[in-house]
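Enquirer: The following file, run-v4.pdb, comprises PDB, C-alpha atoms, pLDDT in the B column:
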MODEL        1
ATOM      1  CA  MET A 193     223.598 -92.341 287.112  1.00 47.00           C
ATOM      2  CA  THR A 194     221.764 -89.074 287.907  1.00 56.00           C
ATOM      3  CA  GLY A 195     219.863 -90.858 290.690  1.00 59.00           C
ATOM      4  CA  MET A 196     223.137 -92.065 292.184  1.00 60.00           C
ATOM      5  CA  ALA A 197     224.567 -88.539 292.022  1.00 63.00           C
ATOM      6  CA  ASN A 198     221.435 -87.172 293.687  1.00 71.00           C
ATOM      7  CA  THR A 199     221.671 -89.706 296.504  1.00 71.00           C
ATOM      8  CA  SER A 200     225.346 -88.863 296.947  1.00 73.00           C
ATOM      9  CA  SER A 201     224.589 -85.175 297.252  1.00 77.00           C
ATOM     10  CA  VAL A 202     221.807 -85.969 299.743  1.00 80.00           C
ATOM     11  CA  ILE A 203     224.260 -87.961 301.863  1.00 78.00           C
ATOM     12  CA  ALA A 204     226.873 -85.186 301.641  1.00 80.00           C
ATOM     13  CA  GLY A 205     224.177 -82.734 302.706  1.00 82.00           C
ATOM     14  CA  LEU A 206     223.172 -84.925 305.643  1.00 81.00           C
ATOM     15  CA  VAL A 207     226.734 -85.335 306.874  1.00 80.00           C
ATOM     16  CA  THR A 208     227.650 -81.647 306.620  1.00 82.00           C
ATOM     17  CA  GLY A 209     224.210 -80.708 307.929  1.00 83.00           C
ATOM     18  CA  GLY A 210     224.730 -82.904 310.991  1.00 82.00           C
ATOM     19  CA  LEU A 211     228.014 -81.245 311.897  1.00 83.00           C
ATOM     20  CA  GLY A 212     226.573 -77.850 311.015  1.00 87.00           C
ATOM     21  CA  ALA A 213     223.543 -78.413 313.258  1.00 85.00           C
ATOM     22  CA  THR A 214     225.806 -79.419 316.122  1.00 86.00           C
ATOM     23  CA  ILE A 215     228.014 -76.323 315.799  1.00 88.00           C
ATOM     24  CA  GLY A 216     224.928 -74.195 315.152  1.00 90.00           C
ATOM     25  CA  SER A 217     223.270 -75.406 318.350  1.00 88.00           C
ATOM     26  CA  VAL A 218     226.251 -74.237 320.411  1.00 89.00           C
ATOM     27  CA  VAL A 219     226.139 -70.803 318.729  1.00 91.00           C
ATOM     28  CA  THR A 220     222.345 -70.609 319.203  1.00 89.00           C
ATOM     29  CA  ALA A 221     222.693 -71.556 322.872  1.00 89.00           C
ATOM     30  CA  VAL A 222     225.214 -68.739 323.394  1.00 90.00           C
ATOM     31  CA  VAL A 223     222.928 -66.277 321.579  1.00 90.00           C
ATOM     32  CA  GLN A 224     219.927 -67.372 323.677  1.00 87.00           C
ATOM     33  CA  VAL A 225     221.821 -66.975 326.940  1.00 87.00           C
ATOM     34  CA  THR A 226     223.321 -63.585 326.095  1.00 88.00           C
ATOM     35  CA  GLY A 227     220.365 -62.166 324.172  1.00 81.00           C
ATOM     36  CA  LYS A 228     217.390 -60.188 325.406  1.00 78.00           C
ATOM     37  CA  ARG A 229     214.665 -62.019 327.370  1.00 82.00           C
ATOM     38  CA  SER A 230     217.309 -64.530 328.487  1.00 83.00           C
ATOM     39  CA  GLU A 231     216.072 -64.385 332.093  1.00 83.00           C
ATOM     40  CA  SER A 232     212.495 -65.294 331.195  1.00 84.00           C
ATOM     41  CA  LYS A 233     213.725 -68.024 328.839  1.00 86.00           C
ATOM     42  CA  ALA A 234     215.921 -69.452 331.600  1.00 84.00           C
ATOM     43  CA  ALA A 235     212.937 -69.497 333.976  1.00 82.00           C
ATOM     44  CA  ALA A 236     210.832 -71.171 331.266  1.00 85.00           C
ATOM     45  CA  ALA A 237     213.565 -73.753 330.629  1.00 86.00           C
ATOM     46  CA  ASP A 238     213.671 -74.564 334.355  1.00 82.00           C
ATOM     47  CA  LEU A 239     209.911 -75.060 334.265  1.00 82.00           C
ATOM     48  CA  VAL A 240     210.046 -77.290 331.179  1.00 84.00           C
ATOM     49  CA  THR A 241     212.968 -79.445 332.367  1.00 82.00           C
ATOM     50  CA  ASN A 242     213.631 -79.506 336.108  1.00 65.00           C
ATOM     51  CA  ALA A 243     210.752 -77.971 337.986  1.00 52.00           C
ATOM     52  CA  ALA A 244     208.023 -80.240 336.612  1.00 56.00           C
ATOM     53  CA  GLY A 245     209.960 -83.330 337.674  1.00 55.00           C
ATOM     54  CA  ARG A 246     210.690 -81.883 341.087  1.00 48.00           C
ATOM     55  CA  MET A 247     207.003 -81.002 341.525  1.00 53.00           C
ATOM     56  CA  VAL A 248     205.890 -84.545 340.703  1.00 63.00           C
ATOM     57  CA  ASP A 249     208.446 -85.969 343.159  1.00 61.00           C
ATOM     58  CA  ARG A 250     207.221 -83.658 345.894  1.00 57.00           C
ATOM     59  CA  LEU A 251     203.557 -84.535 345.250  1.00 68.00           C
ATOM     60  CA  ASP A 252     204.395 -88.252 345.261  1.00 78.00           C
ATOM     61  CA  LYS A 253     206.128 -87.894 348.630  1.00 76.00           C
ATOM     62  CA  GLN A 254     203.245 -85.889 350.093  1.00 75.00           C
ATOM     63  CA  ASN A 255     200.761 -88.422 348.767  1.00 86.00           C
ATOM     64  CA  SER A 256     202.525 -91.390 350.361  1.00 88.00           C
ATOM     65  CA  GLU A 257     202.844 -89.512 353.681  1.00 87.00           C
ATOM     66  CA  LEU A 258     199.112 -88.743 353.615  1.00 89.00           C
ATOM     67  CA  ARG A 259     198.281 -92.380 352.887  1.00 91.00           C
ATOM     68  CA  GLU A 260     200.374 -93.530 355.833  1.00 91.00           C
ATOM     69  CA  ALA A 261     198.702 -90.985 358.124  1.00 91.00           C
ATOM     70  CA  VAL A 262     195.181 -91.997 357.040  1.00 91.00           C
ATOM     71  CA  LEU A 263     195.954 -95.716 357.454  1.00 91.00           C
ATOM     72  CA  LEU A 264     197.314 -95.064 360.942  1.00 92.00           C
ATOM     73  CA  LEU A 265     194.210 -93.071 361.863  1.00 91.00           C
ATOM     74  CA  THR A 266     191.801 -95.764 360.641  1.00 90.00           C
ATOM     75  CA  ASP A 267     193.759 -98.411 362.588  1.00 90.00           C
ATOM     76  CA  VAL A 268     193.506 -96.316 365.734  1.00 91.00           C
ATOM     77  CA  LEU A 269     189.776 -95.802 365.127  1.00 88.00           C
ATOM     78  CA  ASP A 270     189.292 -99.579 364.813  1.00 88.00           C
ATOM     79  CA  GLU A 271     190.909-100.056 368.225  1.00 89.00           C
ATOM     80  CA  VAL A 272     189.218 -97.142 369.994  1.00 89.00           C
ATOM     81  CA  MET A 273     185.675 -97.245 368.658  1.00 86.00           C
ATOM     82  CA  PRO A 274     184.460-100.360 370.563  1.00 87.00           C
ATOM     83  CA  HIS A 275     185.482 -98.709 373.847  1.00 87.00           C
ATOM     84  CA  LEU A 276     183.921 -95.324 373.138  1.00 85.00           C
ATOM     85  CA  ASP A 277     180.909 -94.222 375.133  1.00 85.00           C
ATOM     86  CA  ALA A 278     179.463 -91.675 372.710  1.00 85.00           C
ATOM     87  CA  PRO A 279     175.944 -90.917 371.398  1.00 88.00           C
ATOM     88  CA  PRO A 280     174.856 -93.067 368.414  1.00 87.00           C
ATOM     89  CA  GLU A 281     174.928 -90.151 365.936  1.00 89.00           C
ATOM     90  CA  VAL A 282     178.579 -89.410 366.848  1.00 88.00           C
ATOM     91  CA  MET A 283     179.482 -93.085 366.428  1.00 88.00           C
ATOM     92  CA  GLU A 284     177.727 -93.115 363.034  1.00 89.00           C
ATOM     93  CA  LYS A 285     179.725 -90.053 361.988  1.00 90.00           C
ATOM     94  CA  LEU A 286     182.958 -91.758 363.049  1.00 89.00           C
ATOM     95  CA  ARG A 287     182.094 -94.923 361.112  1.00 89.00           C
ATOM     96  CA  LYS A 288     181.237 -92.853 358.029  1.00 91.00           C
ATOM     97  CA  ALA A 289     184.505 -90.878 358.285  1.00 89.00           C
ATOM     98  CA  LYS A 290     186.448 -94.140 358.584  1.00 88.00           C
ATOM     99  CA  ARG A 291     184.738 -95.615 355.510  1.00 89.00           C
ATOM    100  CA  VAL A 292     185.495 -92.477 353.449  1.00 90.00           C
ATOM    101  CA  ALA A 293     189.131 -92.474 354.586  1.00 88.00           C
ATOM    102  CA  GLN A 294     189.549 -96.168 353.746  1.00 85.00           C
ATOM    103  CA  ARG A 295     188.047 -95.637 350.294  1.00 87.00           C
ATOM    104  CA  ALA A 296     190.407 -92.698 349.646  1.00 84.00           C
ATOM    105  CA  VAL A 297     193.566 -94.728 350.239  1.00 81.00           C
TER
ATOM    106  CA  MET B 295     213.482-100.284 340.093  1.00 55.00           C
ATOM    107  CA  PHE B 296     213.079-103.571 338.172  1.00 57.00           C
ATOM    108  CA  SER B 297     210.872-105.123 340.880  1.00 63.00           C
ATOM    109  CA  GLU B 298     208.083-102.584 340.529  1.00 61.00           C
ATOM    110  CA  ASN B 299     204.865-103.602 338.838  1.00 63.00           C
ATOM    111  CA  ASP B 300     204.537-101.048 336.062  1.00 69.00           C
ATOM    112  CA  TRP B 301     206.392-101.162 332.748  1.00 72.00           C
ATOM    113  CA  HIS B 302     209.611 -99.309 333.498  1.00 71.00           C
ATOM    114  CA  ARG B 303     211.366 -97.433 330.746  1.00 74.00           C
ATOM    115  CA  VAL B 304     215.078 -98.116 330.504  1.00 78.00           C
ATOM    116  CA  ALA B 305     217.439 -95.212 329.785  1.00 85.00           C
ATOM    117  CA  PHE B 306     218.589 -96.286 326.329  1.00 90.00           C
ATOM    118  CA  GLN B 307     219.950 -92.959 325.038  1.00 90.00           C
ATOM    119  CA  PRO B 308     223.217 -92.927 327.058  1.00 92.00           C
ATOM    120  CA  VAL B 309     223.875 -96.564 326.134  1.00 93.00           C
ATOM    121  CA  LEU B 310     223.329 -95.888 322.420  1.00 92.00           C
ATOM    122  CA  TYR B 311     225.455 -92.717 322.434  1.00 93.00           C
ATOM    123  CA  LEU B 312     228.295 -94.387 324.339  1.00 93.00           C
ATOM    124  CA  PHE B 313     228.438 -97.302 321.911  1.00 93.00           C
ATOM    125  CA  MET B 314     228.155 -95.110 318.807  1.00 90.00           C
ATOM    126  CA  TRP B 315     230.917 -92.872 320.120  1.00 92.00           C
ATOM    127  CA  ALA B 316     233.097 -95.874 320.945  1.00 92.00           C
ATOM    128  CA  ALA B 317     232.505 -97.337 317.473  1.00 89.00           C
ATOM    129  CA  ILE B 318     233.547 -94.119 315.734  1.00 87.00           C
ATOM    130  CA  VAL B 319     236.619 -93.763 317.980  1.00 89.00           C
ATOM    131  CA  ARG B 320     237.571 -97.312 317.092  1.00 88.00           C
ATOM    132  CA  VAL B 321     237.220 -96.864 313.338  1.00 83.00           C
ATOM    133  CA  ILE B 322     239.281 -93.676 313.560  1.00 83.00           C
ATOM    134  CA  VAL B 323     242.013 -95.209 315.748  1.00 86.00           C
ATOM    135  CA  THR B 324     242.262 -98.368 313.659  1.00 84.00           C
ATOM    136  CA  GLN B 325     241.861 -96.316 310.458  1.00 75.00           C
ATOM    137  CA  ALA B 326     239.218 -98.760 309.330  1.00 70.00           C
ATOM    138  CA  GLU B 327     236.935 -96.690 307.186  1.00 63.00           C
ATOM    139  CA  PRO B 328     233.578 -98.346 307.729  1.00 61.00           C
ATOM    140  CA  ILE B 329     231.746 -97.349 304.572  1.00 67.00           C
ATOM    141  CA  ARG B 330     232.531 -95.970 301.132  1.00 69.00           C
ATOM    142  CA  PHE B 331     232.164 -92.273 301.823  1.00 71.00           C
ATOM    143  CA  ASP B 332     235.129 -91.530 299.519  1.00 68.00           C
ATOM    144  CA  ALA B 333     232.979 -92.597 296.570  1.00 70.00           C
ATOM    145  CA  ILE B 334     230.895 -89.492 297.262  1.00 71.00           C
ATOM    146  CA  SER B 335     233.532 -86.977 298.344  1.00 73.00           C
ATOM    147  CA  PRO B 336     237.102 -87.282 299.693  1.00 74.00           C
ATOM    148  CA  TRP B 337     236.450 -84.990 302.677  1.00 77.00           C
ATOM    149  CA  LEU B 338     233.103 -86.486 303.659  1.00 78.00           C
ATOM    150  CA  TYR B 339     234.484 -89.267 305.848  1.00 81.00           C
ATOM    151  CA  GLY B 340     236.349 -86.761 308.030  1.00 80.00           C
ATOM    152  CA  VAL B 341     233.240 -84.611 308.488  1.00 82.00           C
ATOM    153  CA  TRP B 342     231.143 -87.685 309.282  1.00 83.00           C
ATOM    154  CA  ALA B 343     233.649 -88.927 311.871  1.00 84.00           C
ATOM    155  CA  ALA B 344     233.984 -85.453 313.420  1.00 86.00           C
ATOM    156  CA  GLY B 345     230.206 -85.198 313.749  1.00 84.00           C
ATOM    157  CA  GLY B 346     229.983 -88.635 315.356  1.00 85.00           C
ATOM    158  CA  ILE B 347     232.825 -87.855 317.771  1.00 89.00           C
ATOM    159  CA  VAL B 348     231.392 -84.512 318.912  1.00 91.00           C
ATOM    160  CA  CYS B 349     227.735 -85.462 319.407  1.00 91.00           C
ATOM    161  CA  ALA B 350     227.946 -87.943 322.298  1.00 92.00           C
ATOM    162  CA  PRO B 351     230.098 -85.722 324.585  1.00 93.00           C
ATOM    163  CA  LEU B 352     227.851 -82.785 323.667  1.00 93.00           C
ATOM    164  CA  ALA B 353     224.817 -84.796 324.808  1.00 93.00           C
ATOM    165  CA  GLY B 354     226.684 -85.539 328.055  1.00 93.00           C
ATOM    166  CA  VAL B 355     227.377 -81.838 328.609  1.00 94.00           C
ATOM    167  CA  ALA B 356     223.713 -81.056 327.871  1.00 93.00           C
ATOM    168  CA  TRP B 357     222.582 -83.660 330.414  1.00 91.00           C
ATOM    169  CA  TYR B 358     224.919 -82.167 333.036  1.00 90.00           C
ATOM    170  CA  LEU B 359     223.671 -78.634 332.359  1.00 89.00           C
ATOM    171  CA  ILE B 360     219.992 -79.618 332.498  1.00 88.00           C
ATOM    172  CA  VAL B 361     220.065 -82.034 335.420  1.00 86.00           C
ATOM    173  CA  LYS B 362     223.058 -81.211 337.630  1.00 82.00           C
ATOM    174  CA  SER B 363     224.273 -77.683 336.937  1.00 80.00           C
ATOM    175  CA  ARG B 364     223.473 -74.853 339.385  1.00 78.00           C
ATOM    176  CA  TRP B 365     224.110 -72.230 336.675  1.00 82.00           C
ATOM    177  CA  ARG B 366     220.942 -70.177 336.212  1.00 80.00           C
ATOM    178  CA  PHE B 367     221.078 -70.555 332.405  1.00 86.00           C
ATOM    179  CA  GLY B 368     221.987 -74.247 332.602  1.00 86.00           C
ATOM    180  CA  SER B 369     218.626 -75.639 331.488  1.00 87.00           C
ATOM    181  CA  LEU B 370     218.278 -73.154 328.623  1.00 89.00           C
ATOM    182  CA  PHE B 371     221.824 -73.718 327.354  1.00 91.00           C
ATOM    183  CA  GLY B 372     221.489 -77.471 327.824  1.00 92.00           C
ATOM    184  CA  CYS B 373     218.257 -77.709 325.847  1.00 92.00           C
ATOM    185  CA  TYR B 374     219.898 -76.190 322.753  1.00 93.00           C
ATOM    186  CA  LEU B 375     223.011 -78.361 323.133  1.00 93.00           C
ATOM    187  CA  ARG B 376     220.787 -81.437 323.498  1.00 93.00           C
ATOM    188  CA  LEU B 377     218.955 -80.591 320.275  1.00 94.00           C
ATOM    189  CA  GLY B 378     222.269 -80.143 318.427  1.00 93.00           C
ATOM    190  CA  ALA B 379     223.649 -83.416 319.770  1.00 93.00           C
ATOM    191  CA  ASP B 380     220.522 -85.387 318.885  1.00 93.00           C
ATOM    192  CA  VAL B 381     220.196 -83.878 315.386  1.00 93.00           C
ATOM    193  CA  GLY B 382     223.905 -84.532 314.767  1.00 91.00           C
ATOM    194  CA  MET B 383     223.617 -88.131 315.931  1.00 91.00           C
ATOM    195  CA  LEU B 384     220.481 -88.701 313.843  1.00 92.00           C
ATOM    196  CA  LEU B 385     222.099 -87.358 310.665  1.00 89.00           C
ATOM    197  CA  THR B 386     225.354 -89.259 311.322  1.00 87.00           C
ATOM    198  CA  LEU B 387     223.464 -92.539 311.586  1.00 89.00           C
ATOM    199  CA  LEU B 388     221.138 -91.670 308.693  1.00 88.00           C
ATOM    200  CA  ALA B 389     224.105 -90.973 306.391  1.00 84.00           C
ATOM    201  CA  PHE B 390     225.707 -94.287 307.422  1.00 84.00           C
ATOM    202  CA  HIS B 391     222.406 -96.072 306.785  1.00 85.00           C
ATOM    203  CA  LEU B 392     221.938 -94.537 303.327  1.00 82.00           C
ATOM    204  CA  VAL B 393     225.482 -95.360 302.225  1.00 80.00           C
ATOM    205  CA  ARG B 394     224.945 -98.960 303.318  1.00 78.00           C
ATOM    206  CA  VAL B 395     221.608 -99.112 301.501  1.00 77.00           C
ATOM    207  CA  MET B 396     223.379 -97.872 298.362  1.00 74.00           C
ATOM    208  CA  CYS B 397     225.814-100.814 298.522  1.00 66.00           C
ATOM    209  CA  HIS B 398     224.204-102.935 295.790  1.00 61.00           C
ATOM    210  CA  GLN B 399     226.578-105.916 296.066  1.00 61.00           C
ATOM    211  CA  CYS B 400     225.456-106.747 299.609  1.00 59.00           C
ATOM    212  CA  HIS B 401     221.727-106.068 299.342  1.00 62.00           C
ATOM    213  CA  ASN B 402     220.392-109.536 299.975  1.00 66.00           C
ATOM    214  CA  LEU B 403     222.835-110.755 302.588  1.00 69.00           C
ATOM    215  CA  GLU B 404     220.957-111.850 305.670  1.00 69.00           C
ATOM    216  CA  GLU B 405     223.280-110.005 308.072  1.00 68.00           C
ATOM    217  CA  ASN B 406     222.886-106.841 306.024  1.00 75.00           C
ATOM    218  CA  ILE B 407     219.103-106.960 305.981  1.00 80.00           C
ATOM    219  CA  PHE B 408     218.958-107.671 309.700  1.00 84.00           C
ATOM    220  CA  SER B 409     221.384-104.899 310.680  1.00 84.00           C
ATOM    221  CA  ARG B 410     219.697-102.414 308.336  1.00 85.00           C
ATOM    222  CA  TYR B 411     216.373-102.985 310.081  1.00 88.00           C
ATOM    223  CA  MET B 412     218.014-102.561 313.480  1.00 90.00           C
ATOM    224  CA  ILE B 413     219.610 -99.296 312.341  1.00 91.00           C
ATOM    225  CA  ALA B 414     216.211 -98.164 311.079  1.00 92.00           C
ATOM    226  CA  SER B 415     214.772 -98.734 314.561  1.00 94.00           C
ATOM    227  CA  LEU B 416     217.602 -96.649 316.049  1.00 94.00           C
ATOM    228  CA  LEU B 417     216.798 -93.912 313.539  1.00 94.00           C
ATOM    229  CA  MET B 418     213.196 -93.895 314.729  1.00 95.00           C
ATOM    230  CA  PHE B 419     214.399 -93.649 318.315  1.00 94.00           C
ATOM    231  CA  LEU B 420     216.736 -90.748 317.478  1.00 94.00           C
ATOM    232  CA  LEU B 421     213.947 -89.014 315.568  1.00 95.00           C
ATOM    233  CA  SER B 422     211.734 -89.219 318.652  1.00 94.00           C
ATOM    234  CA  LEU B 423     214.542 -87.618 320.689  1.00 94.00           C
ATOM    235  CA  VAL B 424     214.745 -84.740 318.207  1.00 94.00           C
ATOM    236  CA  VAL B 425     210.968 -84.262 318.394  1.00 95.00           C
ATOM    237  CA  ARG B 426     211.241 -84.222 322.206  1.00 93.00           C
ATOM    238  CA  ASP B 427     214.004 -81.567 322.033  1.00 93.00           C
ATOM    239  CA  LEU B 428     212.070 -79.409 319.582  1.00 94.00           C
ATOM    240  CA  TRP B 429     208.964 -79.706 321.745  1.00 93.00           C
ATOM    241  CA  ALA B 430     210.969 -78.552 324.789  1.00 92.00           C
ATOM    242  CA  ILE B 431     212.330 -75.521 322.914  1.00 92.00           C
ATOM    243  CA  VAL B 432     208.896 -74.569 321.581  1.00 93.00           C
ATOM    244  CA  SER B 433     207.504 -74.881 325.130  1.00 91.00           C
ATOM    245  CA  ILE B 434     210.325 -72.697 326.497  1.00 90.00           C
ATOM    246  CA  THR B 435     209.588 -70.015 323.904  1.00 90.00           C
ATOM    247  CA  VAL B 436     205.845 -70.056 324.609  1.00 91.00           C
ATOM    248  CA  ILE B 437     206.276 -69.982 328.407  1.00 89.00           C
ATOM    249  CA  ALA B 438     208.946 -67.234 328.210  1.00 88.00           C
ATOM    250  CA  LYS B 439     206.560 -65.079 326.152  1.00 89.00           C
ATOM    251  CA  ARG B 440     203.860 -65.653 328.773  1.00 88.00           C
ATOM    252  CA  ILE B 441     206.279 -64.721 331.572  1.00 84.00           C
ATOM    253  CA  ASP B 442     207.279 -61.533 329.742  1.00 85.00           C
ATOM    254  CA  ARG B 443     203.638 -60.612 329.145  1.00 84.00           C
ATOM    255  CA  ASP B 444     202.215 -61.430 332.578  1.00 79.00           C
ATOM    256  CA  GLY B 445     205.321 -60.662 334.623  1.00 65.00           C
TER
ENDMDL
END
Step by step, read the file and then write its structure as structure tokens.
Expert:
Amino acid sequence: MTGMANTSSVIAGLVTGGLGATIGSVVTAVVQVTGKRSESKAAAADLVTNAAGRMVDRLDKQNSELREAVLLLTDVLDEVMPHLDAPPEVMEKLRKAKRVAQRAV
Amino acid sequence: MFSENDWHRVAFQPVLYLFMWAAIVRVIVTQAEPIRFDAISPWLYGVWAAGGIVCAPLAGVAWYLIVKSRWRFGSLFGCYLRLGADVGMLLTLLAFHLVRVMCHQCHNLEENIFSRYMIASLLMFLLSLVVRDLWAIVSITVIAKRIDRDG
């Protein structure tokens, strides 16, 4: 019987605690926004939530643009190299640069 | 998004919150008290329903503030609202789960065992959301201190 009463009080605590936490979070949010250091906290919140995602998106876009550019360059090199009249060491450098670029993408 | 090769995560939180909110609205509108809260306290059912009703819209407001809002305090305000909504939802479901577990007459019914395990999985999911929210708030506090110190 005591165990049942204990469980009941735990459940009552959970239910009231849930509503209390919800109301408390609104109050805490207001306090955080109006309190001191709110500007630095807002900047930190932007970093934790939005900015990191935006940064990853931007890096992804840059990465795919770079890949496209390198692929285009290696294609052009494939077409141009047989017709080039350059010293052997220059041609070797070009071939090496092409291999490195192809490995990178 | 489903045709890509990696294992995509599906946004389950809005689906869960929408259905939990709809379920609580339905039991309130139809006045079908789902579980025996009155055996514990006469006012407990009202508090439980109020908590369940408030949490899902609060999570929606938090999402708007964090993702869409142009208000400079939107992310900060939204993070605290998100924590409150997720804690409220977790405790609402946990209370429901415990009251059902306490129902001794229906312990060994197959449908009861199956649904109890499914609710337990939802509780684990909600707990992970609360941990995520707490982690975000701790990170905000640490980074804000660093900003204040280093300028």
Enquirer: Go ahead and compute the interatomic distance for CA of Val218 in chain A and CA of Ala305 in chain B, in Å to one decimal.
Expert: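 Answer for the CA of Val218 in chain A to CA of Ala305 in chain B separation: 24.6 Å.
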Enquirer: For Leu265 in chain A, which residue among A:Thr208, A:Thr226, A:Gln294, A:Thr214 is the nearest when counting all atoms listed in the file?
Expert: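 Ranked by minimum distance to Leu265 in chain A, first place goes to A:Gln294.
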Enquirer: Per residue of chain B within 9 Å of chain A, record the nearest atom pair and its distance in Å to one decimal, counting only C-alpha atoms, with rows in chain order and ascending residue number, as a Markdown table.
Expert:
| residue | atom | partner | partner_atom | distance |
| --- | --- | --- | --- | --- |
| B:Phe331 | CA | A:Ala204 | CA | 8.8 |
| B:Ala333 | CA | A:Ser200 | CA | 8.5 |
| B:Ile334 | CA | A:Ser200 | CA | 5.6 |
| B:Ser335 | CA | A:Ala204 | CA | 7.6 |
| B:Leu338 | CA | A:Ala204 | CA | 6.7 |
| B:Tyr339 | CA | A:Val207 | CA | 8.8 |
| B:Val341 | CA | A:Thr208 | CA | 6.6 |
| B:Trp342 | CA | A:Val207 | CA | 5.5 |
| B:Ala344 | CA | A:Leu211 | CA | 7.5 |
| B:Gly345 | CA | A:Leu211 | CA | 4.9 |
| B:Gly346 | CA | A:Leu211 | CA | 8.4 |
| B:Val348 | CA | A:Thr214 | CA | 8.1 |
| B:Cys349 | CA | A:Thr214 | CA | 7.1 |
| B:Leu352 | CA | A:Thr214 | CA | 8.5 |
| B:Ile360 | CA | A:Thr241 | CA | 7.0 |
| B:Val361 | CA | A:Asn242 | CA | 6.9 |
| B:Arg366 | CA | A:Ala234 | CA | 6.9 |
| B:Phe367 | CA | A:Ala234 | CA | 5.3 |
| B:Gly368 | CA | A:Ala234 | CA | 7.8 |
| B:Ser369 | CA | A:Ala237 | CA | 5.5 |
| B:Leu370 | CA | A:Ala237 | CA | 5.2 |
| B:Phe371 | CA | A:Ala221 | CA | 5.1 |
| B:Gly372 | CA | A:Ala221 | CA | 7.8 |
| B:Cys373 | CA | A:Ala237 | CA | 7.8 |
| B:Tyr374 | CA | A:Ala221 | CA | 5.4 |
| B:Leu375 | CA | A:Ser217 | CA | 5.6 |
| B:Arg376 | CA | A:Ser217 | CA | 8.3 |
| B:Leu377 | CA | A:Ser217 | CA | 7.0 |
| B:Gly378 | CA | A:Thr214 | CA | 4.3 |
| B:Ala379 | CA | A:Thr214 | CA | 5.8 |
| B:Asp380 | CA | A:Thr214 | CA | 8.4 |
| B:Val381 | CA | A:Gly210 | CA | 6.4 |
| B:Gly382 | CA | A:Gly210 | CA | 4.2 |
| B:Met383 | CA | A:Gly210 | CA | 7.3 |
| B:Leu384 | CA | A:Gly210 | CA | 7.7 |
| B:Leu385 | CA | A:Gly210 | CA | 5.2 |
| B:Thr386 | CA | A:Val207 | CA | 6.1 |
| B:Leu388 | CA | A:Leu206 | CA | 7.7 |
| B:Ala389 | CA | A:Ile203 | CA | 5.4 |
| B:Phe390 | CA | A:Ile203 | CA | 8.5 |
| B:Leu392 | CA | A:Ile203 | CA | 7.1 |
| B:Val393 | CA | A:Ile203 | CA | 7.5 |
| B:Met396 | CA | A:Met196 | CA | 8.5 |
| B:Ala430 | CA | A:Val240 | CA | 6.6 |
| B:Ile431 | CA | A:Ala237 | CA | 8.0 |
| B:Ser433 | CA | A:Val240 | CA | 7.0 |
| B:Ile434 | CA | A:Ala236 | CA | 5.0 |
| B:Thr435 | CA | A:Lys233 | CA | 6.7 |
| B:Val436 | CA | A:Ala236 | CA | 8.4 |
| B:Ile437 | CA | A:Ala236 | CA | 5.5 |
| B:Ala438 | CA | A:Lys233 | CA | 4.9 |
| B:Lys439 | CA | A:Ser232 | CA | 7.8 |
| B:Arg440 | CA | A:Ser232 | CA | 9.0 |
| B:Ile441 | CA | A:Ser232 | CA | 6.3 |
| B:Asp442 | CA | A:Ser232 | CA | 6.6 |
Enquirer: For CA of Lys228 in chain A and CA of Val425 in chain B, determine how far apart the two atoms are, in Å to one decimal place.
Expert: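 Between these atoms lies a distance of 25.9 Å.
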Enquirer: Determine, counting all atoms listed in the file, which protein, DNA and RNA residues have an atom within 10 Å of an atom of range 320-326 of chain B; residues of the same chain fewer than 5 positions away are not included. Present the result as a CSV table (one decimal) with C-alpha atoms, in the frame of the given file.
Expert:
chain,number,residue,atom,x,y,z
B,314,MET,CA,228.2,-95.1,318.8
B,315,TRP,CA,230.9,-92.9,320.1
B,340,GLY,CA,236.3,-86.8,308.0
B,343,ALA,CA,233.6,-88.9,311.9
B,344,ALA,CA,234.0,-85.5,313.4
B,347,ILE,CA,232.8,-87.9,317.8
Enquirer: Work out how far CA of Lys253 in chain A is from CA of Arg291 in chain A, in Å to one decimal.
Expert: 23.8 Å
